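Listing of start_9.txt, compact mmCIF, C-alpha atoms and all ligand atoms
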# COMPACT_ATOMS: atom_id res chain seq x y z
CA MET A 1 74.97 101.76 94.94
CA ILE A 2 77.48 99.27 96.33
CA ASN A 3 80.64 100.52 98.03
CA ILE A 4 82.99 97.78 99.19
CA VAL A 5 86.12 98.11 101.30
CA LEU A 6 88.56 95.26 100.70
CA PHE A 7 90.47 94.75 103.88
CA GLY A 8 93.50 92.62 104.65
CA LYS A 9 97.25 92.58 105.12
CA PRO A 10 99.65 93.29 102.28
CA GLY A 11 99.63 90.30 99.94
CA ALA A 12 96.17 89.12 100.98
CA GLY A 13 94.95 89.46 97.38
CA LYS A 14 92.95 92.68 97.57
CA GLY A 15 94.16 94.01 94.23
CA THR A 16 93.67 90.71 92.41
CA GLN A 17 90.14 90.29 93.73
CA ALA A 18 89.24 93.94 93.10
CA GLU A 19 90.01 93.42 89.40
CA PHE A 20 87.40 90.64 89.18
CA LEU A 21 84.80 92.37 91.32
CA LYS A 22 84.99 95.66 89.44
CA ASN A 23 84.06 93.92 86.18
CA GLN A 24 81.37 91.79 87.77
CA TYR A 25 79.60 94.63 89.58
CA LYS A 26 80.64 97.55 87.33
CA LEU A 27 82.39 99.36 90.15
CA VAL A 28 85.28 101.80 90.10
CA HIS A 29 88.38 100.30 91.72
CA ILE A 30 90.43 102.74 93.78
CA SER A 31 93.78 101.45 95.05
CA THR A 32 95.64 104.08 97.05
CA GLY A 33 98.87 102.05 96.68
CA ASP A 34 98.48 102.10 92.88
CA ILE A 35 97.83 105.86 92.88
CA PHE A 36 100.94 106.47 94.98
CA ARG A 37 103.02 104.24 92.67
CA PHE A 38 101.67 106.09 89.62
CA ASN A 39 102.72 109.39 91.22
CA ILE A 40 106.16 108.04 92.08
CA LYS A 41 106.64 106.85 88.51
CA ASN A 42 105.70 110.29 87.22
CA ALA A 43 107.83 112.08 89.84
CA THR A 44 104.98 114.30 91.01
CA ASP A 45 105.19 116.21 94.30
CA LEU A 46 102.79 113.70 95.82
CA GLY A 47 104.98 110.85 94.57
CA LYS A 48 108.11 112.40 96.06
CA LEU A 49 106.39 112.81 99.38
CA ALA A 50 104.96 109.29 99.44
CA GLN A 51 108.11 107.53 98.34
CA SER A 52 110.10 107.90 101.53
CA TYR A 53 107.28 106.34 103.54
CA MET A 54 106.55 103.57 101.08
CA ASP A 55 110.21 102.63 100.75
CA GLN A 56 110.28 101.89 104.46
CA GLY A 57 106.94 100.10 104.48
CA ASP A 58 105.45 102.91 106.60
CA LEU A 59 102.02 104.40 106.02
CA VAL A 60 101.85 107.71 104.17
CA PRO A 61 100.40 110.42 106.47
CA ASP A 62 96.61 110.50 106.76
CA SER A 63 96.10 114.08 105.60
CA VAL A 64 97.83 113.42 102.26
CA THR A 65 96.15 110.06 101.72
CA ILE A 66 92.64 111.27 102.58
CA LYS A 67 92.91 114.26 100.24
CA MET A 68 94.10 112.02 97.43
CA LEU A 69 91.29 109.50 97.98
CA GLU A 70 88.61 112.17 98.03
CA ALA A 71 89.91 113.64 94.77
CA GLU A 72 89.76 110.20 93.19
CA VAL A 73 86.13 109.67 94.23
CA GLU A 74 85.26 113.16 92.92
CA LYS A 75 86.81 112.29 89.55
CA ASN A 76 84.35 109.40 89.21
CA SER A 77 81.10 111.13 90.01
CA ALA A 78 79.13 108.92 87.61
CA ALA A 79 80.27 105.69 89.24
CA LYS A 80 77.74 103.04 90.24
CA GLY A 81 79.87 102.29 93.26
CA PHE A 82 83.44 101.81 94.40
CA ILE A 83 85.84 99.15 95.55
CA PHE A 84 88.26 100.71 98.00
CA ASP A 85 91.49 98.68 98.04
CA GLY A 86 94.09 99.65 100.62
CA PHE A 87 91.95 102.47 102.05
CA PRO A 88 91.08 103.15 104.80
CA ARG A 89 94.11 101.95 106.74
CA THR A 90 93.66 104.00 109.93
CA THR A 91 90.70 104.99 112.08
CA THR A 92 91.23 108.62 111.04
CA GLN A 93 90.93 107.58 107.40
CA ALA A 94 87.82 105.49 108.12
CA ASP A 95 86.15 108.41 109.93
CA ALA A 96 87.07 110.76 107.09
CA LEU A 97 85.68 108.33 104.52
CA ASP A 98 82.38 107.96 106.39
CA SER A 99 81.85 111.68 106.65
CA PHE A 100 82.98 112.35 103.08
CA LEU A 101 80.60 109.70 101.70
CA SER A 102 77.70 110.77 103.87
CA LYS A 103 77.98 114.34 102.56
CA LYS A 104 77.45 112.82 99.12
CA GLY A 105 74.51 110.70 100.27
CA MET A 106 76.66 107.57 100.03
CA GLN A 107 77.91 105.00 102.51
CA ILE A 108 80.06 101.91 102.82
CA THR A 109 78.01 98.80 102.09
CA ALA A 110 80.43 96.21 103.47
CA THR A 111 84.03 95.76 104.50
CA ILE A 112 85.41 92.35 103.60
CA ALA A 113 88.68 91.04 104.99
CA LEU A 114 90.81 88.49 103.16
CA GLU A 115 92.45 86.35 105.82
CA ALA A 116 95.84 84.62 105.56
CA SER A 117 98.73 83.94 107.93
CA ASP A 118 101.82 86.16 108.00
CA ASP A 119 104.06 83.34 106.79
CA GLN A 120 101.79 82.64 103.81
CA LEU A 121 101.75 86.35 102.99
CA VAL A 122 105.52 86.80 103.24
CA GLU A 123 105.97 83.94 100.81
CA ARG A 124 103.46 85.47 98.36
CA LEU A 125 104.95 88.96 98.60
CA LEU A 126 108.55 87.83 98.06
CA LYS A 127 107.35 85.91 95.00
CA ARG A 128 105.45 88.97 93.72
CA GLY A 129 108.57 91.08 94.32
CA GLU A 130 110.53 88.93 91.86
CA THR A 131 108.33 90.11 88.99
CA SER A 132 106.58 93.31 90.12
CA GLY A 133 109.73 95.33 90.66
CA ARG A 134 108.20 96.65 93.90
CA THR A 135 111.09 97.21 96.28
CA ASP A 136 108.73 97.01 99.27
CA ASP A 137 108.00 93.39 98.24
CA GLN A 138 111.65 92.34 97.95
CA ASP A 139 112.86 92.71 101.50
CA GLU A 140 111.43 90.60 104.32
CA ALA A 141 112.20 93.27 106.97
CA LYS A 142 110.14 95.85 105.03
CA ILE A 143 107.33 93.34 104.58
CA ARG A 144 107.32 92.61 108.33
CA ASN A 145 107.23 96.37 109.00
CA ARG A 146 104.15 96.68 106.77
CA PHE A 147 102.51 93.93 108.86
CA GLU A 148 103.46 95.83 112.01
CA GLU A 149 101.87 99.02 110.63
CA TYR A 150 98.80 96.94 109.80
CA ASN A 151 98.59 95.39 113.28
CA GLN A 152 98.97 98.73 115.02
CA LYS A 153 96.99 101.07 112.78
CA THR A 154 94.73 99.07 110.46
CA ALA A 155 93.60 96.10 112.55
CA PRO A 156 91.45 98.35 114.82
CA LEU A 157 89.22 99.01 111.80
CA GLN A 158 87.77 95.53 112.26
CA GLU A 159 86.08 96.80 115.40
CA PHE A 160 85.18 100.12 113.71
CA TYR A 161 83.23 98.33 110.96
CA SER A 162 81.93 95.56 113.26
CA ASN A 163 80.32 98.28 115.37
CA GLN A 164 78.52 99.40 112.22
CA GLU A 165 77.62 95.74 111.45
CA LYS A 166 79.51 96.00 108.18
CA PHE A 167 82.48 93.69 108.79
CA TYR A 168 82.81 90.35 107.00
CA SER A 169 85.79 88.09 106.53
CA VAL A 170 86.65 85.31 104.12
CA ASN A 171 89.44 82.77 103.93
CA GLY A 172 92.02 84.33 101.58
CA ILE A 173 93.72 81.02 100.84
CA GLY A 174 92.58 79.06 97.80
CA SER A 175 92.39 79.56 94.07
CA ILE A 176 91.60 83.06 92.77
CA GLU A 177 88.19 81.78 91.56
CA GLU A 178 87.36 80.21 94.91
CA ILE A 179 88.10 83.43 96.73
CA THR A 180 86.11 85.51 94.22
CA THR A 181 83.13 83.19 94.87
CA ARG A 182 83.48 83.71 98.63
CA LEU A 183 83.44 87.48 98.11
CA LYS A 184 80.48 87.36 95.72
CA ASN A 185 78.49 85.32 98.23
CA ILE A 186 78.76 88.26 100.60
CA ILE A 187 78.28 91.09 98.08
CA ASP A 188 75.19 89.43 96.55
CA ARG A 189 73.36 89.85 99.85
CA PHE A 190 73.12 93.59 99.17
P1 LIG B 1 99.58 98.72 98.85
O1 LIG B 1 99.80 98.73 97.39
O2 LIG B 1 98.14 98.84 99.23
O3 LIG B 1 100.24 97.53 99.53
O4 LIG B 1 100.29 100.03 99.45
C1 LIG B 1 101.69 100.22 99.30
C2 LIG B 1 102.15 101.34 100.22
O5 LIG B 1 101.47 102.55 99.87
C3 LIG B 1 101.86 101.13 101.70
O6 LIG B 1 102.85 100.35 102.33
C4 LIG B 1 101.86 102.57 102.20
O7 LIG B 1 103.18 103.08 102.29
C5 LIG B 1 101.19 103.32 101.04
N1 LIG B 1 99.72 103.37 101.23
C6 LIG B 1 98.77 102.80 100.43
N2 LIG B 1 97.54 103.05 100.89
C7 LIG B 1 97.69 103.79 102.02
C8 LIG B 1 96.79 104.35 102.97
N3 LIG B 1 95.46 104.17 102.88
N4 LIG B 1 97.32 105.06 104.00
C9 LIG B 1 98.64 105.25 104.11
N5 LIG B 1 99.55 104.73 103.28
C10 LIG B 1 99.09 104.01 102.23

Could you take the file, read its structure, and then write that structure out as structure tokens?
Amino acid sequence: MINIVLFGKPGAGKGTQAEFLKNQYKLVHISTGDIFRFNIKNATDLGKLAQSYMDQGDLVPDSVTIKMLEAEVEKNSAAKGFIFDGFPRTTTQADALDSFLSKKGMQITATIALEASDDQLVERLLKRGETSGRTDDQDEAKIRNRFEEYNQKTAPLQEFYSNQEKFYSVNGIGSIEEITTRLKNIIDRF
């Protein structure tokens, strides 16, 4: 079983790459951002709760996010493995994921970061915002706040996974195919 965490700032290309990797390795792709957006679109209680945080570019509280993620893994009990995209984003989430997976006899195989500079990412996100309709991609102040959340809460996960010898990083700038190849070169070691 291969379980990959795709790591990186908003706009780094996690979702795009996850789409390719899930087909290549027959993995289930779980994007917590996509699940929240689905819930917002369908006006569920979870969506209503998440929206106020997402609109500001803040993280949704851990307890809500962890519960949602665990339910999503449970729904896919026959999966050959998972690509986690946008989760974990805090040390609390990473700890919860480790203990949840270990209870199921599973573990994270590798965490791979897609690296790009803030200025490159802002440019990408504003461009995506023109077509995606995502309000959190249309306002530079909100984008910068998401980076701030990342620096404060998510960046420490690099050390968390390095301590487990599971942290890898690749250059996130290049063509989609080039970046997929960089990721495959890491995943194929397992
Ligand atoms: P994304 O699509 O991954 O960029 O996520 C969009 C937004 O959803 C984030 O800015 C957060 O508000 C929320 N979100 C997604 N994943 C998480 C998570 N693991 N923890 C907390 N909030 C999250």

As a quick test: using all atoms listed in the file, which residues lie no more than 10 Å away from ligand LIG 1 (chain B)? Give them as a ChimeraX atom specification.
/A:7-15,31-37,50-66,68-69,84-90,92-94,125,134,136-137,142-143,145-147,149-150,153-154

Computed gap from CA of Arg144 (chain A) to CA of Val122 (chain A) is 7.9 Å

With distances taken over all atoms listed in the file, the candidate from A:Ile112, A:Asn42, A:Lys166, A:Glu140 nearest Arg182 (chain A) is A:Ile112

re CA of Asp118 (chain A) and CA of Ser169 (chain A): distance 16.2 Å

Fill in: Within-7 Å shell of (97.6, 84.7, 104.1) in input frame, all atoms listed in the file, as a ChimeraX atom specification
/A:12,115-118,120-121,172-173

Using only C-alpha atoms, which protein or nucleic acid residues come within 12 Å of region 185-188 of chain A? Drop anything in the same chain fewer than 6 positions from it, and give the result as an mmCIF file with C-alpha atoms, in the coordinates of the input.
data_model
loop_
_atom_site.group_PDB
_atom_site.id
_atom_site.type_symbol
_atom_site.label_atom_id
_atom_site.label_comp_id
_atom_site.auth_asym_id
_atom_site.auth_seq_id
_atom_site.Cartn_x
_atom_site.Cartn_y
_atom_site.Cartn_z
ATOM 1 C CA MET A 1 74.970 101.760 94.940
ATOM 2 C CA ILE A 2 77.480 99.270 96.330
ATOM 3 C CA ASN A 3 80.640 100.520 98.030
ATOM 4 C CA ILE A 4 82.990 97.780 99.190
ATOM 5 C CA VAL A 5 86.120 98.110 101.300
ATOM 6 C CA LEU A 6 88.560 95.260 100.700
ATOM 7 C CA LEU A 21 84.800 92.370 91.320
ATOM 8 C CA LYS A 22 84.990 95.660 89.440
ATOM 9 C CA GLN A 24 81.370 91.790 87.770
ATOM 10 C CA TYR A 25 79.600 94.630 89.580
ATOM 11 C CA ILE A 83 85.840 99.150 95.550
ATOM 12 C CA ILE A 108 80.060 101.910 102.820
ATOM 13 C CA THR A 109 78.010 98.800 102.090
ATOM 14 C CA ALA A 110 80.430 96.210 103.470
ATOM 15 C CA THR A 111 84.030 95.760 104.500
ATOM 16 C CA ILE A 112 85.410 92.350 103.600
ATOM 17 C CA ALA A 113 88.680 91.040 104.990
ATOM 18 C CA LYS A 166 79.510 96.000 108.180
ATOM 19 C CA PHE A 167 82.480 93.690 108.790
ATOM 20 C CA TYR A 168 82.810 90.350 107.000
ATOM 21 C CA SER A 169 85.790 88.090 106.530
ATOM 22 C CA VAL A 170 86.650 85.310 104.120
ATOM 23 C CA GLU A 178 87.360 80.210 94.910
ATOM 24 C CA ILE A 179 88.100 83.430 96.730
#

Residue with smallest distance to Thr91 (chain A) - pool A:Glu130, A:Glu159, A:Asp45, A:Glu74, counting all atoms listed in the file =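 Ranked by minimum distance to Thr91 (chain A), first place goes to A:Glu159.
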
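In this model, the gap between CA of Ser77 (chain A) and CA of Asn39 (chain A) comes to 21.7 Å.
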
Report, as JSON, the axis-aligned box around all atoms of region 23-26 of chain A present in the file, extended by 6 Å on each side; give centre and edge lengths in Å to one decimal place.
{"center_x": 81.8, "center_y": 94.7, "center_z": 87.9, "size_x": 16.5, "size_y": 17.8, "size_z": 15.4}

For Leu97 (chain A), the closest of A:Gly81, A:Glu70, A:Ala43, A:Asp119 counting all atoms listed in the file is A:Glu70

Shortest contact to Gly174 (chain A), candidates A:Leu114, A:Phe160, A:Leu46, A:Gly129, atoms counted only C-alpha atoms, goes to A:Leu114
